[in-house]
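Enquirer: Before I ask anything, here is the structure I am working with.
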Amino acid sequence: MNPTSAERKLLLKLPSGAEEDVVVRFFEPRPIEQGDWQCDYEIQGDSIHRLLYAVGIDSVQALSLALGSVRVDLEHIERKHNAKFYFLGEPGHEFK
């Protein structure tokens with residue numbers, strides 16, 4: 001896996017009152033077959049671990065698609081656990 005390009009630390013608050021630290025990491029995009037690029041990203045906490053990726057025609061598009069995809073993944077986690085992410089003490093994850 002390529003080096004980490006960026007990461008964001010979030011707090012996931014569960015309905016039980018429990019809280020879990022979650023880190024979202026984006027790895028440097030890398031070239032793959034047929035001239036496309038892949039950007040891997042990870043969502044990791046105590047009970048959550050997802051390693052995912054987005055593919056684009058160049059490194060910028062791959063990163064852009066990964067940034068958009070992580071929003072959908074985080075919203076899915078919130079719905080699945082009936083929980084809410086917080087960033088810098090405020091509700092939300094700020095991936096738009």
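Chain labels follow the order of the structure tokens: the first chain is A, the next B, and so on; residue numbering restarts at 1 in every chain, and ligands are counted from 1 in their shown order.
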If you run DSSP over the backbone, which residues in chain A end up strand (DSSP E or B)? Put them as an NGL selection string.

Expert: :A and (4-13 or 19-27 or 30-31 or 37-45 or 49-56 or 84-87 or 90-91)

Enquirer: Give me the residues within 9 Å of range 69-71 of chain A as a list in words, counting only C-alpha atoms and dropping any in the same chain fewer than 2 places off.

Expert: Val24, Tyr41, Glu42, Ile43, Leu52, Tyr53, Ala54, Ser64, Leu65, Ala66, Leu67, Asp73, Leu74, Glu75, His76, His93, Glu94, Phe95 and Lys96 of chain A

Enquirer: Write to file, as a CSV table (one decimal), in the first residue's frame, the residues of the selection just made, with N, CA, C and O atoms.

Expert:
```csv
chain,number,residue,atom,x,y,z
A,24,VAL,N,-10.0,8.2,9.2
A,24,VAL,CA,-10.2,8.1,7.8
A,24,VAL,C,-8.8,8.4,7.2
A,24,VAL,O,-8.3,9.5,7.4
A,41,TYR,N,-8.5,4.1,0.3
A,41,TYR,CA,-8.8,4.8,1.5
A,41,TYR,C,-9.3,3.8,2.6
A,41,TYR,O,-9.7,2.7,2.2
A,42,GLU,N,-9.1,4.2,3.8
A,42,GLU,CA,-9.4,3.3,4.9
A,42,GLU,C,-10.2,4.0,6.0
A,42,GLU,O,-10.0,5.2,6.3
A,43,ILE,N,-11.2,3.3,6.5
A,43,ILE,CA,-12.0,3.8,7.7
A,43,ILE,C,-11.7,2.8,8.8
A,43,ILE,O,-12.0,1.6,8.7
A,52,LEU,N,-11.0,0.4,1.2
A,52,LEU,CA,-11.8,0.6,0.0
A,52,LEU,C,-10.9,1.4,-1.0
A,52,LEU,O,-9.8,1.8,-0.7
A,53,TYR,N,-11.4,1.6,-2.2
A,53,TYR,CA,-10.7,2.4,-3.2
A,53,TYR,C,-11.6,3.0,-4.3
A,53,TYR,O,-12.8,2.6,-4.4
A,54,ALA,N,-11.1,4.0,-5.0
A,54,ALA,CA,-11.8,4.6,-6.1
A,54,ALA,C,-10.8,4.6,-7.3
A,54,ALA,O,-9.6,4.7,-7.1
A,64,SER,N,-10.3,12.5,-6.0
A,64,SER,CA,-11.6,13.2,-5.9
A,64,SER,C,-12.7,12.2,-5.7
A,64,SER,O,-13.6,12.4,-4.9
A,65,LEU,N,-12.7,11.1,-6.4
A,65,LEU,CA,-13.7,10.1,-6.3
A,65,LEU,C,-13.6,9.4,-4.9
A,65,LEU,O,-14.7,9.1,-4.3
A,66,ALA,N,-12.4,9.2,-4.4
A,66,ALA,CA,-12.3,8.6,-3.1
A,66,ALA,C,-12.9,9.5,-2.0
A,66,ALA,O,-13.5,9.1,-1.1
A,67,LEU,N,-12.6,10.9,-2.1
A,67,LEU,CA,-13.2,11.8,-1.2
A,67,LEU,C,-14.7,11.8,-1.2
A,67,LEU,O,-15.3,11.9,-0.2
A,73,ASP,N,-19.8,6.1,2.5
A,73,ASP,CA,-19.4,5.1,3.4
A,73,ASP,C,-19.7,5.5,4.9
A,73,ASP,O,-20.2,4.7,5.7
A,74,LEU,N,-19.3,6.7,5.2
A,74,LEU,CA,-19.5,7.1,6.6
A,74,LEU,C,-21.0,7.3,6.9
A,74,LEU,O,-21.4,6.9,8.0
A,75,GLU,N,-21.8,7.7,6.0
A,75,GLU,CA,-23.2,7.8,6.2
A,75,GLU,C,-23.8,6.5,6.3
A,75,GLU,O,-24.8,6.3,7.1
A,76,HIS,N,-23.3,5.5,5.6
A,76,HIS,CA,-23.8,4.1,5.7
A,76,HIS,C,-23.5,3.6,7.2
A,76,HIS,O,-24.3,2.9,7.8
A,93,HIS,N,-19.1,14.8,9.7
A,93,HIS,CA,-17.7,14.4,9.3
A,93,HIS,C,-17.0,15.3,8.4
A,93,HIS,O,-15.8,15.2,8.2
A,94,GLU,N,-17.8,16.3,7.8
A,94,GLU,CA,-17.2,17.4,6.9
A,94,GLU,C,-16.6,16.8,5.6
A,94,GLU,O,-15.8,17.5,5.0
A,95,PHE,N,-17.1,15.7,5.2
A,95,PHE,CA,-16.8,15.2,3.8
A,95,PHE,C,-18.0,15.5,3.0
A,95,PHE,O,-19.1,15.1,3.3
A,96,LYS,N,-17.8,16.4,2.0
A,96,LYS,CA,-19.0,16.9,1.2
A,96,LYS,C,-18.7,16.6,-0.2
A,96,LYS,O,-17.7,16.5,-0.7
```

Enquirer: Just give me the gap between CA of Phe27 in chain A and CA of Gln61 in chain A in Å, one decimal is fine.

Expert: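 CA of Phe27 in chain A sits 13.7 Å away from CA of Gln61 in chain A.
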
Enquirer: Could you state the separation of CA of Arg30 in chain A and CA of Asn2 in chain A in Å, given to one decimal place?

Expert: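 Interatomic distance, CA of Arg30 in chain A to CA of Asn2 in chain A: 7.5 Å.
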
Enquirer: Select, from A:Pro91, A:Lys80, A:Asp58, A:Phe85, the residue with the minimum atom-to-atom distance to Pro31 in chain A, counting only C-alpha atoms.

Expert: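 Smallest distance to Pro31 in chain A is found for A:Asp58.
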
Enquirer: Measuring between only C-alpha atoms, which one of A:Ala6, A:Ile77, A:Val72, A:Cys39 shows the shortest distance to Val60 in chain A?

Expert: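 When distances to Val60 in chain A are compared using only C-alpha atoms, the smallest one comes from A:Cys39.
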
Enquirer: Hey, what does DSSP flag as helix (DSSP H, G or I) within chain A? Can you give it to me as a list in words?

Expert: Glu33, Gln34, Gly35, Ser59, Val60, Gln61, Ala62, Leu63, Ser64, Leu65, Ala66, Leu67, Gly68, Ser69, Val70, Arg71, Val72, Asp73, Leu74, Glu75, His76, Ile77, Glu78, Arg79, Lys80 and His81 of chain A

Enquirer: Please save N, CA and C atoms of the selected residues as a PDB file, in the first residue's frame.

Expert:
```pdb
ATOM      1  N   GLU A  33      -3.512  -0.934 -14.090  1.00  0.00           N
ATOM      2  CA  GLU A  33      -3.574  -1.402 -15.477  1.00  0.00           C
ATOM      3  C   GLU A  33      -4.340  -0.434 -16.377  1.00  0.00           C
ATOM      4  N   GLN A  34      -3.974  -0.443 -17.638  1.00  0.00           N
ATOM      5  CA  GLN A  34      -4.644   0.299 -18.705  1.00  0.00           C
ATOM      6  C   GLN A  34      -4.603   1.813 -18.518  1.00  0.00           C
ATOM      7  N   GLY A  35      -3.656   2.312 -17.748  1.00  0.00           N
ATOM      8  CA  GLY A  35      -3.470   3.744 -17.622  1.00  0.00           C
ATOM      9  C   GLY A  35      -4.336   4.443 -16.589  1.00  0.00           C
ATOM     10  N   SER A  59      -4.607  10.659 -11.396  1.00  0.00           N
ATOM     11  CA  SER A  59      -4.500  10.627  -9.927  1.00  0.00           C
ATOM     12  C   SER A  59      -5.455  11.611  -9.262  1.00  0.00           C
ATOM     13  N   VAL A  60      -5.695  12.752  -9.890  1.00  0.00           N
ATOM     14  CA  VAL A  60      -6.605  13.748  -9.307  1.00  0.00           C
ATOM     15  C   VAL A  60      -8.039  13.217  -9.277  1.00  0.00           C
ATOM     16  N   GLN A  61      -8.475  12.617 -10.369  1.00  0.00           N
ATOM     17  CA  GLN A  61      -9.836  12.080 -10.389  1.00  0.00           C
ATOM     18  C   GLN A  61      -9.980  10.936  -9.390  1.00  0.00           C
ATOM     19  N   ALA A  62      -8.980  10.078  -9.280  1.00  0.00           N
ATOM     20  CA  ALA A  62      -9.050   8.974  -8.322  1.00  0.00           C
ATOM     21  C   ALA A  62      -9.176   9.504  -6.892  1.00  0.00           C
ATOM     22  N   LEU A  63      -8.392  10.512  -6.551  1.00  0.00           N
ATOM     23  CA  LEU A  63      -8.471  11.115  -5.214  1.00  0.00           C
ATOM     24  C   LEU A  63      -9.823  11.790  -5.002  1.00  0.00           C
ATOM     25  N   SER A  64     -10.288  12.517  -5.996  1.00  0.00           N
ATOM     26  CA  SER A  64     -11.577  13.198  -5.903  1.00  0.00           C
ATOM     27  C   SER A  64     -12.713  12.197  -5.692  1.00  0.00           C
ATOM     28  N   LEU A  65     -12.691  11.102  -6.431  1.00  0.00           N
ATOM     29  CA  LEU A  65     -13.723  10.076  -6.273  1.00  0.00           C
ATOM     30  C   LEU A  65     -13.633   9.401  -4.909  1.00  0.00           C
ATOM     31  N   ALA A  66     -12.430   9.198  -4.398  1.00  0.00           N
ATOM     32  CA  ALA A  66     -12.268   8.614  -3.059  1.00  0.00           C
ATOM     33  C   ALA A  66     -12.855   9.547  -1.993  1.00  0.00           C
ATOM     34  N   LEU A  67     -12.606  10.852  -2.134  1.00  0.00           N
ATOM     35  CA  LEU A  67     -13.156  11.830  -1.187  1.00  0.00           C
ATOM     36  C   LEU A  67     -14.682  11.816  -1.204  1.00  0.00           C
ATOM     37  N   GLY A  68     -15.265  11.665  -2.387  1.00  0.00           N
ATOM     38  CA  GLY A  68     -16.723  11.584  -2.485  1.00  0.00           C
ATOM     39  C   GLY A  68     -17.272  10.269  -1.966  1.00  0.00           C
ATOM     40  N   SER A  69     -16.561   9.194  -2.231  1.00  0.00           N
ATOM     41  CA  SER A  69     -17.025   7.873  -1.801  1.00  0.00           C
ATOM     42  C   SER A  69     -17.000   7.714  -0.291  1.00  0.00           C
ATOM     43  N   VAL A  70     -16.010   8.302   0.369  1.00  0.00           N
ATOM     44  CA  VAL A  70     -15.911   8.140   1.819  1.00  0.00           C
ATOM     45  C   VAL A  70     -17.129   8.747   2.516  1.00  0.00           C
ATOM     46  N   ARG A  71     -17.680   9.810   1.965  1.00  0.00           N
ATOM     47  CA  ARG A  71     -18.893  10.411   2.542  1.00  0.00           C
ATOM     48  C   ARG A  71     -20.031   9.391   2.573  1.00  0.00           C
ATOM     49  N   VAL A  72     -20.226   8.698   1.475  1.00  0.00           N
ATOM     50  CA  VAL A  72     -21.280   7.684   1.390  1.00  0.00           C
ATOM     51  C   VAL A  72     -21.019   6.553   2.377  1.00  0.00           C
ATOM     52  N   ASP A  73     -19.770   6.131   2.479  1.00  0.00           N
ATOM     53  CA  ASP A  73     -19.420   5.051   3.408  1.00  0.00           C
ATOM     54  C   ASP A  73     -19.661   5.455   4.863  1.00  0.00           C
ATOM     55  N   LEU A  74     -19.294   6.675   5.227  1.00  0.00           N
ATOM     56  CA  LEU A  74     -19.503   7.141   6.601  1.00  0.00           C
ATOM     57  C   LEU A  74     -20.996   7.262   6.920  1.00  0.00           C
ATOM     58  N   GLU A  75     -21.779   7.741   5.966  1.00  0.00           N
ATOM     59  CA  GLU A  75     -23.222   7.842   6.179  1.00  0.00           C
ATOM     60  C   GLU A  75     -23.844   6.459   6.335  1.00  0.00           C
ATOM     61  N   HIS A  76     -23.333   5.481   5.606  1.00  0.00           N
ATOM     62  CA  HIS A  76     -23.811   4.105   5.749  1.00  0.00           C
ATOM     63  C   HIS A  76     -23.501   3.576   7.159  1.00  0.00           C
ATOM     64  N   ILE A  77     -22.309   3.853   7.648  1.00  0.00           N
ATOM     65  CA  ILE A  77     -21.933   3.419   9.000  1.00  0.00           C
ATOM     66  C   ILE A  77     -22.860   4.064  10.027  1.00  0.00           C
ATOM     67  N   GLU A  78     -23.144   5.356   9.871  1.00  0.00           N
ATOM     68  CA  GLU A  78     -24.061   6.036  10.806  1.00  0.00           C
ATOM     69  C   GLU A  78     -25.426   5.354  10.814  1.00  0.00           C
ATOM     70  N   ARG A  79     -25.977   5.068   9.639  1.00  0.00           N
ATOM     71  CA  ARG A  79     -27.297   4.423   9.567  1.00  0.00           C
ATOM     72  C   ARG A  79     -27.257   3.011  10.156  1.00  0.00           C
ATOM     73  N   LYS A  80     -26.222   2.252   9.807  1.00  0.00           N
ATOM     74  CA  LYS A  80     -26.111   0.864  10.271  1.00  0.00           C
ATOM     75  C   LYS A  80     -26.059   0.777  11.795  1.00  0.00           C
ATOM     76  N   HIS A  81     -25.355   1.714  12.426  1.00  0.00           N
ATOM     77  CA  HIS A  81     -25.165   1.685  13.881  1.00  0.00           C
ATOM     78  C   HIS A  81     -26.085   2.664  14.615  1.00  0.00           C
TER      79      HIS A  81
END
```

Enquirer: List as a list in words the protein and nucleic acid residues near Gly89 in chain A, meaning an atom at most 10 Å away when only C-alpha atoms are counted, but skip any in the same chain fewer than 3 places from it.

Expert: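 In the requested form, the answer reads Leu10, Leu11, Phe85, Tyr86 and Gly92 of chain A.
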
Enquirer: Figure out the distance between CA of Phe26 in chain A and CA of Val55 in chain A, please, to one decimal in Å.

Expert: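 Result for CA of Val55 in chain A versus CA of Phe26 in chain A: 13.1 Å, one decimal.
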